[in-house]
file start39.cif (mmCIF, C-alpha atoms)
data_entry
#
loop_
_atom_site.label_atom_id
_atom_site.label_comp_id
_atom_site.auth_asym_id
_atom_site.auth_seq_id
_atom_site.Cartn_x
_atom_site.Cartn_y
_atom_site.Cartn_z
CA MET A 32 73.85 74.59 -7.74
CA LYS A 33 72.55 74.01 -11.25
CA LYS A 34 69.57 71.80 -12.11
CA ILE A 35 70.54 69.46 -14.95
CA SER A 36 69.36 66.23 -16.49
CA ILE A 37 71.58 63.19 -16.77
CA PHE A 38 71.19 59.85 -18.48
CA ALA A 39 71.75 56.70 -16.48
CA LEU A 40 71.57 53.11 -17.66
CA ASN A 41 69.32 51.63 -15.01
CA ASP A 42 65.63 51.03 -14.37
CA LYS A 43 65.04 54.81 -14.26
CA PRO A 44 66.85 55.88 -17.43
CA PHE A 45 66.34 59.61 -17.16
CA PHE A 46 66.13 61.53 -13.94
CA THR A 47 66.69 65.07 -12.75
CA MET A 48 68.37 66.05 -9.53
CA LYS A 49 70.28 69.00 -8.07
CA LEU A 50 73.96 68.21 -8.03
CA SER A 51 77.06 70.24 -8.47
CA LEU A 52 78.30 70.17 -12.03
CA ARG A 53 81.51 68.42 -11.00
CA ILE A 54 79.71 65.65 -9.12
CA CYS A 55 77.28 65.19 -11.98
CA ILE A 56 80.00 64.83 -14.58
CA CYS A 57 81.81 62.26 -12.47
CA LEU A 58 78.60 60.32 -11.93
CA VAL A 59 77.76 60.29 -15.63
CA ALA A 60 81.26 59.15 -16.52
CA ALA A 61 81.19 56.38 -13.95
CA ILE A 62 77.76 55.06 -14.93
CA LEU A 63 78.27 55.27 -18.67
CA GLY A 64 81.80 53.92 -18.45
CA ALA A 65 80.72 50.89 -16.45
CA SER A 66 77.72 50.24 -18.67
CA ILE A 67 79.68 50.58 -21.90
CA ALA A 68 82.40 48.30 -20.57
CA SER A 69 79.75 45.76 -19.64
CA ALA A 70 78.15 45.98 -23.07
CA GLN A 71 81.48 45.58 -24.79
CA THR A 72 82.20 42.35 -22.93
CA SER A 73 78.72 40.84 -23.23
CA LEU A 74 77.47 42.03 -26.63
CA PRO A 75 79.24 42.08 -30.00
CA ARG A 76 79.80 45.59 -31.24
CA THR A 77 78.83 44.44 -34.75
CA ILE A 78 76.84 41.49 -36.06
CA HIS A 79 77.62 40.97 -39.75
CA SER A 80 75.23 39.45 -42.26
CA GLY A 81 75.13 39.03 -46.01
CA PRO A 82 75.47 39.70 -48.76
CA PHE A 83 72.46 37.74 -50.01
CA LYS A 84 70.68 37.63 -53.35
CA SER A 85 67.54 39.20 -51.99
CA GLY A 86 65.91 42.51 -51.15
CA HIS A 87 67.44 44.73 -48.48
CA ILE A 88 67.19 43.96 -44.77
CA GLN A 89 63.83 45.00 -43.34
CA GLY A 90 64.01 44.31 -39.62
CA ILE A 91 65.55 42.28 -36.81
CA ALA A 92 64.48 40.39 -33.69
CA ILE A 93 66.50 38.67 -30.98
CA ASP A 94 65.70 35.63 -28.87
CA HIS A 95 67.74 36.56 -25.79
CA ALA A 96 67.26 33.20 -24.08
CA ARG A 97 69.01 31.37 -26.93
CA ASN A 98 71.15 34.23 -28.32
CA HIS A 99 69.54 33.84 -31.73
CA VAL A 100 69.18 36.76 -34.12
CA TYR A 101 66.49 36.83 -36.82
CA MET A 102 66.72 39.11 -39.84
CA SER A 103 64.22 39.74 -42.59
CA TYR A 104 65.70 40.22 -46.04
CA THR A 105 62.40 40.99 -47.82
CA THR A 106 61.95 37.55 -49.37
CA MET A 107 63.95 35.45 -46.91
CA LEU A 108 64.40 35.02 -43.17
CA ILE A 109 67.89 34.50 -41.73
CA LYS A 110 68.66 33.02 -38.32
CA THR A 111 72.14 33.58 -36.85
CA ASP A 112 73.99 33.50 -33.57
CA LEU A 113 75.40 36.67 -32.02
CA GLU A 114 78.57 36.27 -34.08
CA GLY A 115 76.60 36.33 -37.30
CA ASN A 116 77.05 32.62 -38.08
CA ILE A 117 74.04 31.41 -40.07
CA LEU A 118 72.05 28.74 -38.24
CA GLY A 119 69.20 28.49 -40.73
CA SER A 120 67.24 30.33 -43.38
CA VAL A 121 63.77 30.39 -44.91
CA VAL A 122 63.76 31.25 -48.62
CA GLY A 123 61.32 31.41 -51.51
CA LEU A 124 58.94 34.09 -50.28
CA VAL A 125 57.45 36.10 -53.12
CA GLY A 126 55.73 38.64 -50.89
CA HIS A 127 57.22 41.44 -48.80
CA LEU A 128 58.46 40.22 -45.41
CA GLY A 129 58.91 43.37 -43.35
CA ASP A 130 59.82 44.11 -39.75
CA LEU A 131 60.14 41.34 -37.13
CA THR A 132 59.50 40.88 -33.43
CA PHE A 133 60.11 38.00 -31.03
CA ASN A 134 57.28 36.89 -28.77
CA GLN A 135 58.75 35.61 -25.51
CA GLN A 136 55.35 34.24 -24.49
CA ASP A 137 55.20 31.61 -27.24
CA GLY A 138 58.80 31.61 -28.48
CA LYS A 139 57.81 32.53 -32.04
CA VAL A 140 59.05 35.17 -34.48
CA TYR A 141 56.32 37.43 -35.89
CA GLY A 142 56.73 39.41 -39.10
CA THR A 143 54.54 41.43 -41.44
CA LEU A 144 53.98 39.76 -44.81
CA GLU A 145 52.13 41.33 -47.72
CA TYR A 146 51.28 40.50 -51.30
CA LYS A 147 50.04 43.50 -53.26
CA ASP A 148 49.68 45.03 -56.68
CA ASP A 149 51.68 48.24 -56.18
CA SER A 150 55.25 48.93 -57.36
CA ILE A 151 56.75 47.17 -54.34
CA GLY A 152 54.82 43.96 -54.97
CA LYS A 153 55.52 44.02 -58.70
CA ASN A 154 59.25 44.62 -58.17
CA ILE A 155 59.49 41.68 -55.78
CA LEU A 156 57.88 39.32 -58.27
CA LYS A 157 60.17 40.61 -61.02
CA ARG A 158 63.29 40.22 -58.90
CA GLU A 159 62.30 36.71 -57.86
CA GLY A 160 61.57 35.75 -61.47
CA SER A 161 57.99 34.86 -60.63
CA ASP A 162 54.99 35.23 -62.93
CA LYS A 163 52.51 34.57 -60.13
CA GLN A 164 49.60 36.92 -59.61
CA PHE A 165 48.04 37.25 -56.18
CA PRO A 166 45.02 39.03 -54.76
CA ASN A 167 46.03 41.85 -52.43
CA SER A 168 46.60 40.07 -49.13
CA PHE A 169 48.10 41.13 -45.80
CA TYR A 170 49.28 38.72 -43.14
CA ILE A 171 51.24 38.24 -39.98
CA ALA A 172 53.77 35.47 -40.57
CA ILE A 173 54.54 33.42 -37.45
CA PHE A 174 57.82 31.51 -37.66
CA ASP A 175 58.82 28.63 -35.39
CA GLY A 176 62.46 29.49 -34.84
CA GLU A 177 63.32 26.13 -33.33
CA LYS A 178 62.48 24.47 -36.67
CA ILE A 179 64.74 26.82 -38.61
CA ASP A 180 67.79 24.58 -38.13
CA HIS A 181 69.23 24.44 -41.65
CA GLN A 182 69.60 26.71 -44.66
CA GLY A 183 67.34 26.94 -47.68
CA ILE A 184 64.07 25.92 -46.03
CA ASN A 185 61.09 26.00 -48.37
CA PRO A 186 58.25 27.48 -46.24
CA GLU A 187 55.58 25.79 -48.35
CA LYS A 188 57.07 22.32 -47.90
CA GLU A 189 58.46 22.43 -44.36
CA ASP A 190 56.29 23.33 -41.38
CA VAL A 191 58.13 26.43 -40.16
CA VAL A 192 55.62 29.24 -40.68
CA LYS A 193 51.93 29.94 -40.28
CA THR A 194 50.03 33.02 -41.43
CA VAL A 195 47.11 35.05 -40.06
CA TYR A 196 45.09 37.35 -42.32
CA LEU A 197 44.54 41.05 -41.49
CA GLN A 198 41.11 42.01 -42.76
CA THR A 199 41.15 45.65 -41.64
CA VAL A 200 44.42 46.31 -43.45
CA PHE A 201 42.98 44.90 -46.65
CA GLU A 202 39.90 47.10 -46.29
CA ASP A 203 41.95 50.27 -45.79
CA TYR A 204 44.33 49.43 -48.64
CA SER A 205 41.41 48.75 -50.99
CA ALA A 206 39.29 51.76 -50.02
CA THR A 207 38.79 54.99 -51.95
CA VAL A 208 38.15 58.06 -49.80
CA GLN A 209 36.97 61.61 -50.31
CA THR A 210 39.02 64.38 -48.68
CA SER A 211 39.11 68.17 -48.95
CA GLU A 212 41.98 67.73 -51.42
CA GLY A 213 40.00 65.35 -53.62
CA GLU A 214 39.45 61.62 -54.03
CA PHE A 215 42.27 59.23 -53.22
CA LYS A 216 42.88 55.53 -53.13
CA HIS A 217 43.99 53.85 -49.91
CA ARG A 218 42.29 55.03 -46.72
CA LEU A 219 44.76 56.91 -44.46
CA GLY A 220 47.34 56.44 -47.21
CA CYS A 221 47.57 52.74 -46.26
CA SER A 222 50.19 50.90 -48.29
CA GLY A 223 49.96 47.79 -46.13
CA VAL A 224 51.88 46.86 -42.98
CA ASP A 225 55.52 46.97 -41.96
CA GLY A 226 56.61 47.90 -38.41
CA ILE A 227 55.76 45.34 -35.72
CA SER A 228 56.47 44.92 -32.02
CA ILE A 229 55.06 43.49 -28.80
CA GLY A 230 54.25 45.54 -25.73
CA PRO A 231 51.47 46.62 -23.37
CA LYS A 232 48.32 48.48 -24.28
CA PHE A 233 49.00 52.12 -25.05
CA GLY A 234 48.72 54.15 -21.87
CA LYS A 235 49.84 51.28 -19.64
CA SER A 236 53.31 50.41 -18.37
CA GLY A 237 52.58 46.74 -17.85
CA GLY A 238 49.90 44.11 -17.94
CA LYS A 239 48.72 42.12 -20.93
CA LEU A 240 50.96 42.24 -23.99
CA TYR A 241 49.67 42.94 -27.48
CA LEU A 242 51.08 42.52 -30.95
CA THR A 243 51.31 46.03 -32.37
CA VAL A 244 51.32 46.42 -36.15
CA ALA A 245 52.06 49.67 -37.96
CA TYR A 246 50.78 50.71 -41.36
CA GLY A 247 52.97 51.47 -44.25
CA VAL A 248 51.80 54.89 -45.46
CA TYR A 249 52.24 56.25 -48.96
CA GLY A 250 54.20 59.49 -49.14
CA GLU A 251 51.76 61.37 -51.36
CA THR A 252 52.20 65.11 -50.81
CA ALA A 253 48.88 66.20 -52.37
CA ARG A 254 46.72 64.80 -49.57
CA LYS A 255 46.47 65.51 -45.83
CA ASP A 256 44.85 62.32 -44.54
CA ASN A 257 48.19 60.46 -44.54
CA ASP A 258 49.97 62.47 -41.83
CA TYR A 259 49.41 59.98 -38.99
CA GLN A 260 51.17 56.75 -38.16
CA VAL A 261 48.47 54.10 -37.76
CA LEU A 262 48.99 51.46 -35.05
CA HIS A 263 46.83 48.36 -34.58
CA GLN A 264 47.01 46.25 -31.42
CA TYR A 265 46.00 42.59 -31.43
CA ASP A 266 45.61 40.06 -28.64
CA VAL A 267 47.39 37.06 -30.18
CA SER A 268 46.92 34.69 -27.23
CA LYS A 269 44.10 32.92 -29.08
CA TRP A 270 45.36 33.24 -32.64
CA ALA A 271 46.02 29.52 -33.06
CA LYS A 272 42.49 29.13 -34.45
CA TYR A 273 43.35 31.52 -37.29
CA GLU A 274 46.77 30.16 -38.25
CA ARG A 275 47.11 28.52 -41.65
CA PRO A 276 50.13 27.10 -43.53
CA LEU A 277 51.77 29.36 -46.10
CA ALA A 278 50.57 28.59 -49.63
CA GLN A 279 51.72 31.07 -52.27
CA THR A 280 49.01 30.35 -54.82
CA VAL A 281 45.82 32.20 -55.68
CA GLU A 282 43.83 29.41 -54.03
CA GLY A 283 46.12 29.37 -51.00
CA MET A 284 45.78 33.06 -50.14
CA HIS A 285 43.43 32.45 -47.22
CA LYS A 286 41.42 35.00 -45.22
CA SER A 287 41.57 33.39 -41.80
CA GLY A 288 42.12 36.06 -39.17
CA PRO A 289 40.47 38.51 -36.79
CA GLN A 290 37.78 40.75 -38.24
CA ALA A 291 39.40 43.81 -36.64
CA PRO A 292 42.20 44.75 -34.25
CA ASN A 293 41.45 45.10 -30.55
CA ASN A 294 42.31 48.79 -30.75
CA VAL A 295 43.44 51.35 -33.36
CA TYR A 296 45.71 54.27 -32.46
CA TYR A 297 47.12 57.27 -34.32
CA ALA A 298 50.43 59.09 -33.81
CA PHE A 299 50.74 62.51 -35.46
CA THR A 300 54.20 62.79 -37.00
CA GLY A 301 53.51 64.37 -40.36
CA ASN A 302 53.72 62.20 -43.44
CA THR A 303 56.56 59.73 -43.91
CA ASN A 304 57.47 57.66 -46.95
CA TYR A 305 55.97 54.20 -46.38
CA GLY A 306 55.20 54.77 -42.72
CA ILE A 307 56.89 53.01 -39.82
CA GLN A 308 59.64 50.75 -41.11
CA ASN A 309 60.81 49.57 -37.71
CA LEU A 310 58.66 49.64 -34.58
CA GLU A 311 60.16 48.64 -31.24
CA TYR A 312 58.81 48.79 -27.71
CA ASP A 313 61.47 49.69 -25.15
CA PRO A 314 60.30 48.22 -21.82
CA GLU A 315 62.83 50.18 -19.78
CA LEU A 316 61.94 53.61 -21.15
CA LYS A 317 58.28 52.71 -21.79
CA LEU A 318 58.66 54.16 -25.28
CA TRP A 319 57.54 52.94 -28.69
CA TRP A 320 60.39 53.77 -31.07
CA MET A 321 59.41 54.41 -34.70
CA ALA A 322 62.11 54.47 -37.40
CA VAL A 323 60.93 55.77 -40.78
CA TYR A 324 61.96 56.89 -44.22
CA ASN A 325 61.66 60.63 -43.80
CA GLY A 326 58.77 62.34 -45.54
CA SER A 327 58.71 64.97 -48.28
CA LYS A 328 56.09 67.44 -47.10
CA LYS A 329 57.85 70.76 -46.50
CA GLU A 330 55.48 71.82 -43.70
CA TYR A 331 56.85 69.06 -41.43
CA PRO A 332 60.30 68.53 -39.90
CA ASN A 333 60.58 65.08 -41.54
CA TYR A 334 62.55 63.44 -38.74
CA GLY A 335 63.99 59.96 -39.16
CA ILE A 336 62.98 58.65 -35.73
CA PHE A 337 59.99 59.34 -33.52
CA ALA A 338 58.88 57.83 -30.21
CA VAL A 339 55.47 57.46 -28.57
CA ASP A 340 55.18 57.72 -24.79
CA GLY A 341 53.59 54.43 -23.83
CA THR A 342 52.71 55.61 -20.31
CA ILE A 343 50.24 58.36 -21.30
CA LYS A 344 46.64 57.41 -21.91
CA PRO A 345 45.53 57.99 -25.53
CA SER A 346 43.02 60.78 -26.06
CA LYS A 347 40.07 60.74 -28.45
CA GLN A 348 40.52 63.52 -30.97
CA GLN A 349 39.36 64.70 -34.35
CA LEU A 350 42.06 63.59 -36.77
CA LYS A 351 43.65 66.42 -38.71
CA GLY A 352 42.89 66.23 -42.42
CA VAL A 353 40.79 63.06 -42.04
CA PRO A 354 37.14 64.00 -42.62
CA TYR A 355 35.90 60.43 -42.96
CA ILE A 356 36.81 59.39 -39.39
CA LYS A 357 34.88 61.22 -36.66
CA LYS A 358 37.44 60.76 -33.90
CA GLY A 359 40.40 58.50 -33.20
CA LEU A 360 42.57 57.50 -30.24
CA VAL A 361 45.70 59.62 -30.55
CA VAL A 362 48.89 58.60 -28.75
CA PRO A 363 51.37 61.34 -27.81
CA LEU A 364 54.94 61.69 -28.98
CA GLN A 365 57.24 61.47 -25.99
CA GLN A 366 58.61 64.46 -24.05
CA ARG A 367 60.53 62.64 -21.28
CA ILE A 368 63.90 62.39 -22.98
CA PRO A 369 65.68 65.12 -24.98
CA SER A 370 64.32 65.43 -28.51
CA LEU A 371 63.88 68.06 -31.19
CA LYS A 372 60.59 69.94 -31.40
CA ASP A 373 59.29 71.59 -34.53
CA LYS A 374 57.85 74.97 -33.55
CA ALA A 375 55.32 75.14 -36.36
CA THR A 376 53.72 71.73 -35.87
CA GLY A 377 54.74 70.67 -32.36
CA VAL A 378 56.05 67.38 -33.76
CA ARG A 379 58.93 65.87 -31.77
CA GLY A 380 61.62 63.51 -33.02
CA TRP A 381 65.23 63.18 -34.06
CA ASN A 382 67.25 63.83 -37.20
CA PHE A 383 68.70 60.33 -37.08
CA PHE A 384 68.40 58.47 -40.34
CA LEU A 385 69.53 54.99 -39.43
CA GLY A 386 67.20 52.36 -38.00
CA SER A 387 64.67 52.10 -40.81
CA THR A 388 66.27 48.79 -41.86
CA GLY A 389 66.76 47.47 -38.34
CA PHE A 390 66.43 48.90 -34.83
CA TYR A 391 66.39 46.84 -31.66
CA PRO A 392 66.73 47.77 -27.94
CA VAL A 393 68.90 45.24 -26.11
CA GLY A 394 68.57 46.83 -22.67
CA ASN A 395 70.42 49.25 -20.41
CA GLY A 396 70.23 52.00 -23.01
CA PHE A 397 71.86 50.01 -25.80
CA TYR A 398 70.52 49.32 -29.28
CA TYR A 399 71.45 47.39 -32.38
CA ILE A 400 70.97 49.62 -35.41
CA SER A 401 71.30 48.34 -38.96
CA HIS A 402 73.78 49.74 -41.47
CA ASN A 403 72.54 48.11 -44.65
CA TYR A 404 74.71 47.86 -47.75
CA ALA A 405 74.57 46.55 -51.28
CA ASN A 406 77.28 45.32 -53.62
CA LYS A 407 77.57 43.08 -56.67
CA GLU A 408 77.10 40.04 -54.43
CA GLY A 409 73.77 41.25 -53.09
CA GLN A 410 72.30 42.87 -49.99
CA GLY A 411 73.71 42.80 -46.48
CA SER A 412 73.79 44.58 -43.15
CA ASN A 413 76.02 45.28 -40.20
CA LEU A 414 74.09 45.52 -36.94
CA ASN A 415 76.16 47.99 -34.94
CA LEU A 416 75.85 48.56 -31.21
CA TYR A 417 74.78 52.06 -30.14
CA ARG A 418 73.97 53.71 -26.84
CA LEU A 419 71.33 56.34 -26.16
CA THR A 420 72.56 59.79 -25.15
CA ASP A 421 70.86 62.80 -23.55
CA GLU A 422 71.51 65.01 -26.58
CA ALA A 423 68.61 65.85 -28.87
CA ASP A 424 70.96 66.61 -31.76
CA LYS A 425 72.83 63.32 -31.41
CA PRO A 426 70.51 60.75 -29.82
CA PHE A 427 72.63 57.64 -30.44
CA ILE A 428 76.38 57.11 -30.32
CA ARG A 429 78.04 54.04 -31.73
CA VAL A 430 79.95 51.90 -29.24
CA GLU A 431 83.47 51.49 -30.59
#

call {"tool": "encode", "arguments": {"input": "start39.cif", "output": "structure tokens"}}
result
Amino acid sequence: MKKISIFALNDKPFFTMKLSLRICICLVAAILGASIASAQTSLPRTIHSGPFKSGHIQGIAIDHARNHVYMSYTTMLIKTDLEGNILGSVVGLVGHLGDLTFNQQDGKVYGTLEYKDDSIGKNILKREGSDKQFPNSFYIAIFDGEKIDHQGINPEKEDVVKTVYLQTVFEDYSATVQTSEGEFKHRLGCSGVDGISIGPKFGKSGGKLYLTVAYGVYGETARKDNDYQVLHQYDVSKWAKYERPLAQTVEGMHKSGPQAPNNVYYAFTGNTNYGIQNLEYDPELKLWWMAVYNGSKKEYPNYGIFAVDGTIKPSKQQLKGVPYIKKGLVVPLQQRIPSLKDKATGVRGWNFFLGSTGFYPVGNGFYYISHNYANKEGQGSNLNLYRLTDEADKPFIRVE
């Protein structure tokens, strides 16, 4: 009998056992067939949104208890039902609203929000027709979804969002560092923040949940200190003392927030353009999925998706190409499910280039993955239902 791995949609997603090939094939067909049929009856295969006069979709979050879907469109937040019907919207942001996550503990939607002086920040102000000038500021925006009950909400006039300042992000963005390649702006290549999710402390499968925030990382090819994904974990259970109303004025750009994250982690992937776009913790697989814009450095495989194994304890290591940090807590890329491995660097991931504008695990091996589009009417997205496979070359298959 042959030893083979099969994928099952249950609480032990991947397991290995000795079965005859015929029995195994029948088992896979039965499990996947039943699960796909269940998903088709309980989840829409596609959730349509847009087009909107805004930037492109940045991330999604789902409130499963109420069947509400939240989508970030760079300068606006959309709330829909599972059929894509708009239930409310928050408009008028002139910063970059990035990825989203839903916190089941407090029922709020968390998103990364940044105001900065680089090309992204300037393009947003130009597109929104704003002549405002802001100090570089990085926040977590906390939306009260229950108050988003109509369209066109002005977040500075209606009490739907609070913000918390991220001091460490500002410090890294503002820093100038010396490396073996020369002097560069932005420590660790920090361009701000984007990916965001909620899950346990790295190295643990359960316990206390933390808000995990990923850096955007500039894709500069002339430096080597920007080859890690940087992940900050925050305990948000006592963040109410930091929360302030949104005020998009120079005077209103507050600095109320924690002095530093509870922990900082590094995942070695090789450089990517603007870091982790979508970060999602998968509680069934105990994986942290990271969808990115693939990098440009030829020495790396430049995958579109990576995943960190959340069950393995981080190890303190010297960071490659980062002379100004003695050692950092490095989290390992996963090896439990089939993935590609680059022989030269040891980096693991997948050549799958969807998900950077929206990636969300809905359970039982199924995921909503964004297909963003643009036309003369604006920006939009179709969130299509996919299932995870056991094939490294084709990790996700769309559910038709």

call {"tool": "closest_residue", "arguments": {"input": "start39.cif", "among": "A:Val191, A:Val200, A:Val125, A:Val323", "to": "Thr388 of chain A", "atoms": "only C-alpha atoms"}}
result
A:Val323

call {"tool": "residues_around", "arguments": {"input": "start39.cif", "residues": "Asp112 of chain A", "least_positions_apart": "4", "cutoff": "9 Å", "atoms": "all atoms listed in the file", "output": "PDB file with C-alpha atoms, in the frame of the given file"}}
result
ATOM      1  CA  ILE A  78      76.840  41.490 -36.060  1.00  0.00           C
ATOM      2  CA  ARG A  97      69.010  31.370 -26.930  1.00  0.00           C
ATOM      3  CA  ASN A  98      71.150  34.230 -28.320  1.00  0.00           C
ATOM      4  CA  HIS A  99      69.540  33.840 -31.730  1.00  0.00           C
ATOM      5  CA  VAL A 100      69.180  36.760 -34.120  1.00  0.00           C
ATOM      6  CA  TYR A 101      66.490  36.830 -36.820  1.00  0.00           C
ATOM      7  CA  ASN A 116      77.050  32.620 -38.080  1.00  0.00           C
ATOM      8  CA  ILE A 117      74.040  31.410 -40.070  1.00  0.00           C
ATOM      9  CA  LEU A 118      72.050  28.740 -38.240  1.00  0.00           C
TER      10      LEU A 118
END

call {"tool": "residues_around", "arguments": {"input": "start39.cif", "residues": "segment 414-419 of chain A", "least_positions_apart": "3", "cutoff": "9 Å", "atoms": "all atoms listed in the file", "output": "number ranges by chain"}}
result
A: 38, 67, 70, 74-80, 389-390, 395-403, 422, 425-431

call {"tool": "closest_residue", "arguments": {"input": "start39.cif", "among": "A:Arg158, A:Lys139, A:His87, A:Lys357", "to": "Val192 of chain A", "atoms": "all atoms listed in the file"}}
result
A:Lys139

call {"tool": "residues_around", "arguments": {"input": "start39.cif", "residues": "Asn293 of chain A", "least_positions_apart": "3", "cutoff": "12 Å", "atoms": "all atoms listed in the file", "output": "list of chain:residue names"}}
result
A:Thr199, A:Lys232, A:Phe233, A:Leu240, A:Tyr241, A:Leu242, A:Thr243, A:Val244, A:Leu262, A:His263, A:Gln264, A:Tyr265, A:Asp266, A:Val267, A:Pro289, A:Gln290, A:Tyr296

call {"tool": "atom_distance", "arguments": {"input": "start39.cif", "atom1": "atom CA of Leu385 of chain A", "atom2": "atom CA of Leu197 of chain A"}}
result
28.7 Å

call {"tool": "resolve_selection", "arguments": {"input": "start39.cif", "expression": "the PyMOL selection byres ((chain A and resi 299) around 10)", "output": "list in words"}}
result
Asn257, Asp258, Tyr259, Gln260, Val261, Tyr297, Ala298, Thr300, Gly301, Asn302, Phe337, Val339, Leu350, Lys351, Val361, Val362, Pro363, Leu364, Thr376, Gly377, Val378 and Arg379 of chain A

call {"tool": "residues_around", "arguments": {"input": "start39.cif", "residues": "Leu318 of chain A", "least_positions_apart": "6", "cutoff": "8 Å", "atoms": "only C-alpha atoms", "output": "list in words"}}
result
Tyr312, Ala338, Val339, Asp340, Gly341, Thr342 and Gln365 of chain A

call {"tool": "resolve_selection", "arguments": {"input": "start39.cif", "expression": "the PyMOL selection byres ((chain A and resi 129) around 6)", "output": "ChimeraX atom specification"}}
result
/A:89,128,130,143,225

call {"tool": "decode", "arguments": {"input": "start39.cif", "residues": "segment 272-290 of chain A", "atoms": "N, CA and C atoms", "output": "PDB file, in the first residue's frame"}}
result
ATOM      1  N   LYS A 272      -8.985  53.362  26.212  1.00  0.00           N
ATOM      2  CA  LYS A 272      -8.361  54.580  26.749  1.00  0.00           C
ATOM      3  C   LYS A 272      -7.596  55.358  25.682  1.00  0.00           C
ATOM      4  N   TYR A 273      -7.243  54.692  24.585  1.00  0.00           N
ATOM      5  CA  TYR A 273      -6.502  55.356  23.515  1.00  0.00           C
ATOM      6  C   TYR A 273      -7.410  55.909  22.410  1.00  0.00           C
ATOM      7  N   GLU A 274      -8.602  55.387  22.299  1.00  0.00           N
ATOM      8  CA  GLU A 274      -9.455  55.694  21.151  1.00  0.00           C
ATOM      9  C   GLU A 274      -9.859  57.168  21.119  1.00  0.00           C
ATOM     10  N   ARG A 275      -9.763  57.740  19.922  1.00  0.00           N
ATOM     11  CA  ARG A 275     -10.157  59.126  19.703  1.00  0.00           C
ATOM     12  C   ARG A 275     -11.003  59.212  18.433  1.00  0.00           C
ATOM     13  N   PRO A 276     -11.922  60.186  18.362  1.00  0.00           N
ATOM     14  CA  PRO A 276     -12.706  60.366  17.137  1.00  0.00           C
ATOM     15  C   PRO A 276     -11.801  60.726  15.964  1.00  0.00           C
ATOM     16  N   LEU A 277     -12.243  60.380  14.760  1.00  0.00           N
ATOM     17  CA  LEU A 277     -11.497  60.736  13.558  1.00  0.00           C
ATOM     18  C   LEU A 277     -11.662  62.228  13.286  1.00  0.00           C
ATOM     19  N   ALA A 278     -10.532  62.917  13.108  1.00  0.00           N
ATOM     20  CA  ALA A 278     -10.550  64.340  12.753  1.00  0.00           C
ATOM     21  C   ALA A 278      -9.446  64.562  11.728  1.00  0.00           C
ATOM     22  N   GLN A 279      -9.825  64.727  10.474  1.00  0.00           N
ATOM     23  CA  GLN A 279      -8.850  64.820   9.389  1.00  0.00           C
ATOM     24  C   GLN A 279      -8.401  66.265   9.170  1.00  0.00           C
ATOM     25  N   THR A 280      -7.745  66.778  10.219  1.00  0.00           N
ATOM     26  CA  THR A 280      -7.130  68.096  10.176  1.00  0.00           C
ATOM     27  C   THR A 280      -5.742  67.953  10.786  1.00  0.00           C
ATOM     28  N   VAL A 281      -4.890  68.927  10.548  1.00  0.00           N
ATOM     29  CA  VAL A 281      -3.550  68.885  11.143  1.00  0.00           C
ATOM     30  C   VAL A 281      -3.659  68.811  12.661  1.00  0.00           C
ATOM     31  N   GLU A 282      -4.573  69.598  13.222  1.00  0.00           N
ATOM     32  CA  GLU A 282      -4.738  69.627  14.679  1.00  0.00           C
ATOM     33  C   GLU A 282      -5.358  68.334  15.194  1.00  0.00           C
ATOM     34  N   GLY A 283      -6.146  67.678  14.348  1.00  0.00           N
ATOM     35  CA  GLY A 283      -6.874  66.487  14.783  1.00  0.00           C
ATOM     36  C   GLY A 283      -6.088  65.200  14.669  1.00  0.00           C
ATOM     37  N   MET A 284      -4.891  65.251  14.077  1.00  0.00           N
ATOM     38  CA  MET A 284      -4.090  64.037  13.916  1.00  0.00           C
ATOM     39  C   MET A 284      -3.415  63.715  15.244  1.00  0.00           C
ATOM     40  N   HIS A 285      -4.138  63.026  16.103  1.00  0.00           N
ATOM     41  CA  HIS A 285      -3.695  62.781  17.472  1.00  0.00           C
ATOM     42  C   HIS A 285      -2.610  61.698  17.526  1.00  0.00           C
ATOM     43  N   LYS A 286      -2.001  61.556  18.699  1.00  0.00           N
ATOM     44  CA  LYS A 286      -0.964  60.543  18.915  1.00  0.00           C
ATOM     45  C   LYS A 286      -1.295  59.699  20.149  1.00  0.00           C
ATOM     46  N   SER A 287      -2.562  59.388  20.299  1.00  0.00           N
ATOM     47  CA  SER A 287      -3.006  58.581  21.429  1.00  0.00           C
ATOM     48  C   SER A 287      -2.963  57.100  21.047  1.00  0.00           C
ATOM     49  N   GLY A 288      -2.061  56.370  21.683  1.00  0.00           N
ATOM     50  CA  GLY A 288      -1.929  54.955  21.365  1.00  0.00           C
ATOM     51  C   GLY A 288      -0.821  54.322  22.178  1.00  0.00           C
ATOM     52  N   PRO A 289      -0.636  53.027  22.052  1.00  0.00           N
ATOM     53  CA  PRO A 289       0.418  52.343  22.807  1.00  0.00           C
ATOM     54  C   PRO A 289       1.797  52.788  22.347  1.00  0.00           C
ATOM     55  N   GLN A 290       2.740  52.829  23.263  1.00  0.00           N
ATOM     56  CA  GLN A 290       4.097  53.238  22.921  1.00  0.00           C
ATOM     57  C   GLN A 290       4.788  52.214  22.031  1.00  0.00           C
TER      58      GLN A 290
END
